[in-house]
Structures are given as C-alpha cells and as structure tokens.
>>> print(open('query19.cif').read())   # mmCIF, C-alpha atoms
data_coords
#
loop_
_atom_site.label_atom_id
_atom_site.label_comp_id
_atom_site.auth_asym_id
_atom_site.auth_seq_id
_atom_site.Cartn_x
_atom_site.Cartn_y
_atom_site.Cartn_z
CA MET A 4 0.00 0.00 0.00
CA ARG A 5 1.34 3.41 -1.00
CA GLU A 6 1.36 6.12 1.67
CA ILE A 7 0.77 9.86 1.24
CA THR A 8 1.34 12.26 4.13
CA VAL A 9 -1.28 15.01 4.19
CA LEU A 10 -0.61 18.26 6.07
CA HIS A 11 -4.07 19.42 7.09
CA TYR A 12 -6.89 19.43 9.58
CA ALA A 13 -9.43 16.75 8.68
CA GLU A 14 -12.22 18.65 10.44
CA ILE A 15 -11.85 21.60 8.03
CA THR A 16 -13.84 21.04 4.83
CA THR A 17 -14.70 17.57 6.12
CA PRO A 18 -16.89 16.60 3.12
CA ASN A 19 -13.94 17.23 0.77
CA TRP A 20 -11.65 15.21 3.01
CA LEU A 21 -14.06 12.27 3.14
CA LEU A 22 -14.28 12.21 -0.66
CA PHE A 23 -10.50 12.38 -0.92
CA GLU A 24 -10.11 9.57 1.62
CA ALA A 25 -12.60 7.34 -0.23
CA ALA A 26 -10.81 7.95 -3.55
CA ALA A 27 -7.45 7.08 -1.99
CA LYS A 28 -8.82 3.89 -0.44
CA ARG A 29 -10.16 2.74 -3.83
CA ARG A 30 -6.64 3.16 -5.20
CA ASP A 31 -5.00 1.31 -2.31
CA ILE A 32 -3.39 4.50 -0.97
CA GLU A 33 -3.09 5.16 2.75
CA LEU A 34 -3.44 8.81 3.79
CA VAL A 35 -1.54 9.78 6.94
CA SER A 36 -2.71 13.03 8.52
CA TRP A 37 -0.20 15.46 10.00
CA GLU A 38 -1.39 18.66 11.69
CA PRO A 39 0.49 21.78 10.50
CA HIS A 40 0.95 23.24 14.00
CA ARG A 41 3.14 20.23 14.88
CA LEU A 42 5.75 21.11 12.23
CA GLN A 43 9.15 22.35 13.31
CA ILE A 44 12.29 23.43 11.47
CA TYR A 45 15.63 23.02 13.23
CA CYS A 46 18.68 24.81 11.82
CA ALA A 47 22.22 24.43 13.20
CA SER A 48 25.76 23.94 11.86
CA ASN A 49 24.86 24.93 8.27
CA GLU A 50 21.99 22.46 8.08
CA CYS A 51 18.20 22.79 8.38
CA ARG A 52 15.86 19.84 8.89
CA PRO A 53 12.08 19.60 9.02
CA TYR A 54 10.55 17.83 12.01
CA TYR A 55 7.08 16.59 12.78
CA ASP A 56 6.15 16.43 16.44
CA GLY A 57 9.82 16.44 17.45
CA GLN A 58 10.89 13.68 15.03
CA ALA A 59 13.01 14.14 11.89
CA LEU A 60 10.57 12.35 9.59
CA ILE A 61 10.83 12.51 5.80
CA PRO A 62 7.63 11.49 4.01
CA ASP A 63 7.93 9.79 0.62
CA ILE A 64 4.97 11.75 -0.75
CA VAL A 65 3.41 14.81 0.85
CA LEU A 66 0.59 17.18 0.00
CA HIS A 67 -1.03 20.01 1.90
CA ARG A 68 -4.57 21.33 2.31
CA THR A 69 -6.23 23.74 4.78
CA VAL A 70 -2.87 25.16 5.85
CA ALA A 71 -3.13 28.83 4.80
CA LEU A 72 -2.62 30.09 8.36
CA PHE A 73 0.64 28.13 8.62
CA GLU A 74 2.35 29.33 5.43
CA GLY A 75 5.40 30.49 7.40
CA ILE A 76 6.22 26.96 8.59
CA VAL A 77 4.60 24.82 5.87
CA VAL A 78 6.45 26.37 2.91
CA PRO A 79 9.95 25.94 4.45
CA ALA A 80 9.11 22.39 5.57
CA LEU A 81 7.88 21.42 2.10
CA THR A 82 10.94 23.04 0.52
CA LEU A 83 13.27 21.10 2.81
CA TRP A 84 11.41 17.81 2.32
CA SER A 85 11.60 18.29 -1.44
CA ALA A 86 15.37 18.86 -1.21
CA LEU A 87 15.61 15.67 0.89
CA GLY A 88 13.83 13.62 -1.79
CA SER A 89 10.14 13.85 -0.84
CA CYS A 90 7.68 14.22 -3.68
CA VAL A 91 5.62 17.35 -2.93
CA LEU A 92 2.40 16.86 -4.90
CA ASN A 93 1.22 20.48 -4.80
CA PRO A 94 4.06 23.04 -4.86
CA PRO A 95 3.40 25.64 -2.17
CA ALA A 96 3.97 28.73 -4.31
CA ALA A 97 1.34 27.62 -6.84
CA ALA A 98 -1.05 26.47 -4.13
CA TYR A 99 -0.91 29.75 -2.22
CA LEU A 100 -1.19 31.76 -5.44
CA SER A 101 -4.32 29.81 -6.37
CA ARG A 102 -5.99 31.01 -3.15
CA ASP A 103 -5.58 34.66 -4.20
CA LYS A 104 -8.60 35.59 -6.34
CA LEU A 105 -7.00 38.70 -7.83
CA ALA A 106 -3.64 37.04 -8.61
CA THR A 107 -5.51 34.11 -10.16
CA THR A 108 -7.56 36.47 -12.34
CA VAL A 109 -4.34 38.17 -13.52
CA ALA A 110 -2.82 34.75 -14.33
CA LEU A 111 -5.94 33.69 -16.25
CA CYS A 112 -5.85 36.92 -18.24
CA ALA A 113 -2.15 36.47 -19.06
CA HIS A 114 -2.91 33.04 -20.53
CA ASP A 115 -6.06 34.04 -22.46
CA VAL A 116 -8.32 31.96 -20.21
CA PRO A 117 -11.84 33.43 -19.90
CA PHE A 118 -12.70 35.02 -16.55
CA VAL A 119 -15.40 37.19 -15.02
CA ALA A 120 -14.79 40.95 -15.29
CA THR A 121 -13.01 41.91 -12.07
CA LEU A 122 -11.93 45.16 -10.44
CA GLY A 123 -9.26 44.72 -7.78
CA LEU A 124 -8.85 47.42 -5.16
CA ASP A 125 -8.01 48.15 -1.56
CA GLY A 126 -11.40 48.14 0.12
CA SER A 127 -10.63 50.85 2.66
CA ASN A 128 -11.69 54.00 0.84
CA ASP A 129 -14.00 55.52 -1.76
CA GLN A 130 -12.10 54.52 -4.89
CA PRO A 131 -14.16 54.74 -8.08
CA LEU A 132 -15.85 51.53 -9.20
CA PHE A 133 -15.73 51.07 -12.95
CA GLY A 134 -15.57 48.59 -15.80
CA LEU A 135 -18.34 46.28 -14.65
CA GLY A 136 -21.76 45.80 -16.20
CA ALA A 137 -25.08 47.17 -14.99
CA GLY A 138 -26.16 43.89 -13.36
CA ARG A 139 -25.41 42.23 -10.03
CA VAL A 140 -22.03 42.78 -8.39
CA VAL A 141 -20.23 40.53 -5.92
CA ILE A 142 -17.47 41.78 -3.62
CA LYS A 143 -15.06 39.20 -2.24
CA PRO A 144 -11.87 39.50 -0.21
CA ALA A 145 -8.98 38.55 -2.51
CA HIS A 146 -7.81 36.19 0.21
CA GLY A 147 -11.20 35.06 1.45
CA LEU A 148 -11.97 31.88 3.29
CA ARG A 149 -15.05 29.70 2.79
CA GLY A 150 -17.36 32.54 1.78
CA GLN A 151 -16.55 34.86 4.66
CA GLY A 152 -16.79 38.53 3.76
CA VAL A 153 -18.63 37.92 0.46
CA ARG A 154 -21.23 40.58 -0.26
CA ASP A 155 -23.77 40.62 -3.10
CA PHE A 156 -25.35 43.79 -4.56
CA ALA A 157 -28.08 44.35 -7.15
CA SER A 158 -25.89 46.81 -9.07
CA MET A 159 -22.76 48.96 -8.82
CA ASP A 160 -24.93 51.85 -7.65
CA SER A 161 -26.08 49.88 -4.60
CA VAL A 162 -22.57 49.02 -3.36
CA THR A 163 -22.05 50.35 0.17
CA ARG A 164 -18.81 52.01 1.20
CA PRO A 165 -16.18 51.24 2.13
CA VAL A 166 -16.06 48.33 -0.30
CA GLY A 167 -14.40 46.18 2.36
CA GLY A 168 -17.43 46.57 4.62
CA ALA A 169 -18.06 48.45 7.84
CA GLY A 170 -15.04 46.94 9.55
CA ALA A 171 -12.59 47.75 6.75
CA PRO A 172 -9.56 49.72 7.91
CA ARG A 173 -9.49 53.37 6.86
CA PRO A 174 -6.37 55.13 5.49
CA GLY A 175 -4.09 56.14 8.32
CA ASN A 176 -5.01 53.19 10.53
CA GLN A 177 -2.25 50.85 11.64
CA HIS A 178 -3.98 47.87 10.03
CA ILE A 179 -2.93 46.11 6.86
CA THR A 180 -5.79 46.32 4.40
CA ASN A 181 -7.01 43.40 2.32
CA ALA A 182 -7.39 43.61 -1.44
CA TYR A 183 -10.92 43.04 -2.71
CA CYS A 184 -12.29 41.74 -5.97
CA VAL A 185 -15.42 43.39 -7.30
CA ARG A 186 -16.93 41.10 -9.93
CA GLU A 187 -19.86 40.94 -12.29
CA HIS A 188 -22.33 38.33 -11.18
#
>>> encode(input="query19.cif", output="structure tokens")
Amino acid sequence: MREITVLHYAEITTPNWLLFEAAAKRRDIELVSWEPHRLQIYCASNECRPYYDGQALIPDIVLHRTVALFEGIVVPALTLWSALGSCVLNPPAAAYLSRDKLATTVALCAHDVPFVATLGLDGSNDQPLFGLGAGRVVIKPAHGLRGQGVRDFASMDSVTRPVGGAGAPRPGNQHITNAYCVREH
C-alpha cells in the first residue's frame, strides 16, 4: 500500500476530506494526517531539517490542504522535504497563489483563459468603481476563506462604502488592508 502524508486538519472542509479519503482507499493509498501546527524546522551547523512532532521524519509523498494560516512553517518544511527527496504533490507557491482571487484572475488573463470581469482594489476607501456591467455585483476579499466577507449587490450603484465593509480599515489606521475583488455576477 502506497502512503501519502497530508498536512491538514481533517475537520476543516470535512466533506472534501471524506471524498479524498474514499478515492485514496479505492486506489489502495493510505493517507496519513499530519497537523500543521506540529511542524518544526531546526537549523544548526549549516543544516536545516524539518521535524514533525519532534521527530526528523521525511515522508515519501506529501501534500497540503487547509494550511493557509501556517504558510510560514509549511512552505519551508515542504521546501526542505523536497530537497531531501520527498515528492511534494502540490508546490506551495502555486497552491498559495491559487488562493488569491486577484492574482488568479491576472494569471488567467495572461494566458487568455476566460474570466469574469473583475476590479481589484483596496477596500478601505472611496475609490471609483468602474468597468463592470449594470447587473449584479459581488465583492469578495482577494484572500477570502469559505465565503466569509462575500457581499452581493443588485448593481454597482447599490454598493455600500467602504467596499471592504463596515469593519474595513481606513487610510491612516495601523492595520494592513485586504485587497478586494469586485466582480460581475
């Protein structure tokens, strides 16, 4: 039986995980779950090694899901495992880029792949909204998570300000603002 180590939390997007588990079982693949918060990187004497739960383990095959909050430890661990011979099924740079709606739209455009008209902006102020049709408009955080922060409007004229919502940081605040995608619906 082939083994794949999965960095994730099974309780996040559980239906997706159950489907993935069933597909692996049909193919005689064992999925071993590792929780991202148990990763460690130890560097000393010109060498860095990834650890899981205090052990210098090197998985043959590894993939990651539901790890966006742990990018700072997951990406270095995957990079080190790859250098040590692990097969990383989903390269972290591409995976994290795919979670960015605006960066994905730019990549689709660059490769002549059709996409929905999108206006990217910092949602903290009264920037002009333009380039979208007269119909429904959806505003999404560029780095949203499971539908949080998505707002739907009947038209551009009905969009409330700031675009990022009532809690969006205003210029001059000490907060980092999120980019938003305003899209035709």
>>> atom_distance(input="query19.cif", atom1="atom CA of Ala137 of chain A", atom2="atom CA of Ala113 of chain A")
25.6 Å
>>> atom_distance(input="query19.cif", atom1="atom CA of Met159 of chain A", atom2="atom CA of Ala120 of chain A")
13.0 Å
>>> resolve_selection(input="query19.cif", expression="the PyMOL selection byres ((chain A and resi 136) around 12)", output="JSON, numbers by chain")
{"A": [119, 120, 121, 122, 132, 133, 134, 135, 137, 138, 139, 140, 141, 157, 158, 159, 160, 185, 186, 187, 188]}
>>> resolve_selection(input="query19.cif", expression="the PyMOL selection byres ((chain A and resi 153) around 7)", output="mmCIF file with C-alpha atoms, in the frame of the given file")
data_model
loop_
_atom_site.group_PDB
_atom_site.id
_atom_site.type_symbol
_atom_site.label_atom_id
_atom_site.label_comp_id
_atom_site.auth_asym_id
_atom_site.auth_seq_id
_atom_site.Cartn_x
_atom_site.Cartn_y
_atom_site.Cartn_z
ATOM 1 C CA ILE A 142 -17.470 41.780 -3.620
ATOM 2 C CA LYS A 143 -15.060 39.200 -2.240
ATOM 3 C CA PRO A 144 -11.870 39.500 -0.210
ATOM 4 C CA GLY A 150 -17.360 32.540 1.780
ATOM 5 C CA GLN A 151 -16.550 34.860 4.660
ATOM 6 C CA GLY A 152 -16.790 38.530 3.760
ATOM 7 C CA ARG A 154 -21.230 40.580 -0.260
ATOM 8 C CA ASP A 155 -23.770 40.620 -3.100
#
>>> closest_residue(input="query19.cif", among="A:Cys46, A:Leu66, A:Arg52, A:Asp31", to="Thr8 of chain A", atoms="all atoms listed in the file")
A:Leu66
>>> atom_distance(input="query19.cif", atom1="atom CA of Glu38 of chain A", atom2="atom CA of Glu74 of chain A")
12.9 Å
>>> resolve_selection(input="query19.cif", expression="the PyMOL selection byres ((chain A and resi 54) around 12)", output="list of chain:residue names")
A:Trp37, A:Glu38, A:Pro39, A:His40, A:Arg41, A:Leu42, A:Gln43, A:Ile44, A:Tyr45, A:Cys46, A:Cys51, A:Arg52, A:Pro53, A:Tyr55, A:Asp56, A:Gly57, A:Gln58, A:Ala59, A:Leu60, A:Ile61, A:Pro62, A:Ile76, A:Val77, A:Pro79, A:Ala80, A:Leu81, A:Leu83, A:Trp84
>>> write_last_selection(input="query19.cif", atoms="C-alpha atoms", output="JSON list (two decimals), keeping the file's coordinate frame")
[["chain", "number", "residue", "atom", "x", "y", "z"],
["A", 37, "TRP", "CA", -0.20, 15.46, 10.00],
["A", 38, "GLU", "CA", -1.39, 18.66, 11.69],
["A", 39, "PRO", "CA", 0.49, 21.78, 10.50],
["A", 40, "HIS", "CA", 0.95, 23.24, 14.00],
["A", 41, "ARG", "CA", 3.14, 20.23, 14.88],
["A", 42, "LEU", "CA", 5.75, 21.11, 12.23],
["A", 43, "GLN", "CA", 9.15, 22.35, 13.31],
["A", 44, "ILE", "CA", 12.29, 23.43, 11.47],
["A", 45, "TYR", "CA", 15.63, 23.02, 13.23],
["A", 46, "CYS", "CA", 18.68, 24.81, 11.82],
["A", 51, "CYS", "CA", 18.20, 22.79, 8.38],
["A", 52, "ARG", "CA", 15.86, 19.84, 8.89],
["A", 53, "PRO", "CA", 12.08, 19.60, 9.02],
["A", 55, "TYR", "CA", 7.08, 16.59, 12.78],
["A", 56, "ASP", "CA", 6.15, 16.43, 16.44],
["A", 57, "GLY", "CA", 9.82, 16.44, 17.45],
["A", 58, "GLN", "CA", 10.89, 13.68, 15.03],
["A", 59, "ALA", "CA", 13.01, 14.14, 11.89],
["A", 60, "LEU", "CA", 10.57, 12.35, 9.59],
["A", 61, "ILE", "CA", 10.83, 12.51, 5.80],
["A", 62, "PRO", "CA", 7.63, 11.49, 4.01],
["A", 76, "ILE", "CA", 6.22, 26.96, 8.59],
["A", 77, "VAL", "CA", 4.60, 24.82, 5.87],
["A", 79, "PRO", "CA", 9.95, 25.94, 4.45],
["A", 80, "ALA", "CA", 9.11, 22.39, 5.57],
["A", 81, "LEU", "CA", 7.88, 21.42, 2.10],
["A", 83, "LEU", "CA", 13.27, 21.10, 2.81],
["A", 84, "TRP", "CA", 11.41, 17.81, 2.32]]
>>> closest_residue(input="query19.cif", among="A:Ala86, A:Val78, A:Ala145, A:Leu22", to="Asp103 of chain A", atoms="all atoms listed in the file")
A:Ala145
>>> closest_residue(input="query19.cif", among="A:His114, A:His146, A:Arg68, A:Arg29", to="Thr16 of chain A", atoms="all atoms listed in the file")
A:Arg68
>>> closest_residue(input="query19.cif", among="A:Thr82, A:Pro94, A:Gly123, A:Phe156", to="Thr108 of chain A", atoms="all atoms listed in the file")
A:Gly123
>>> residues_around(input="query19.cif", residues="Lys28 of chain A", least_positions_apart="5", cutoff="12 Å", atoms="all atoms listed in the file", output="number ranges by chain")
A: 4-7, 21-23, 33-35
>>> write_last_selection(input="query19.cif", atoms="C-alpha atoms", output="PDB file, in the frame of the given file")
ATOM      1  CA  MET A   4       0.000   0.000   0.000  1.00  0.00           C
ATOM      2  CA  ARG A   5       1.340   3.410  -1.000  1.00  0.00           C
ATOM      3  CA  GLU A   6       1.360   6.120   1.670  1.00  0.00           C
ATOM      4  CA  ILE A   7       0.770   9.860   1.240  1.00  0.00           C
ATOM      5  CA  LEU A  21     -14.060  12.270   3.140  1.00  0.00           C
ATOM      6  CA  LEU A  22     -14.280  12.210  -0.660  1.00  0.00           C
ATOM      7  CA  PHE A  23     -10.500  12.380  -0.920  1.00  0.00           C
ATOM      8  CA  GLU A  33      -3.090   5.160   2.750  1.00  0.00           C
ATOM      9  CA  LEU A  34      -3.440   8.810   3.790  1.00  0.00           C
ATOM     10  CA  VAL A  35      -1.540   9.780   6.940  1.00  0.00           C
TER      11      VAL A  35
END
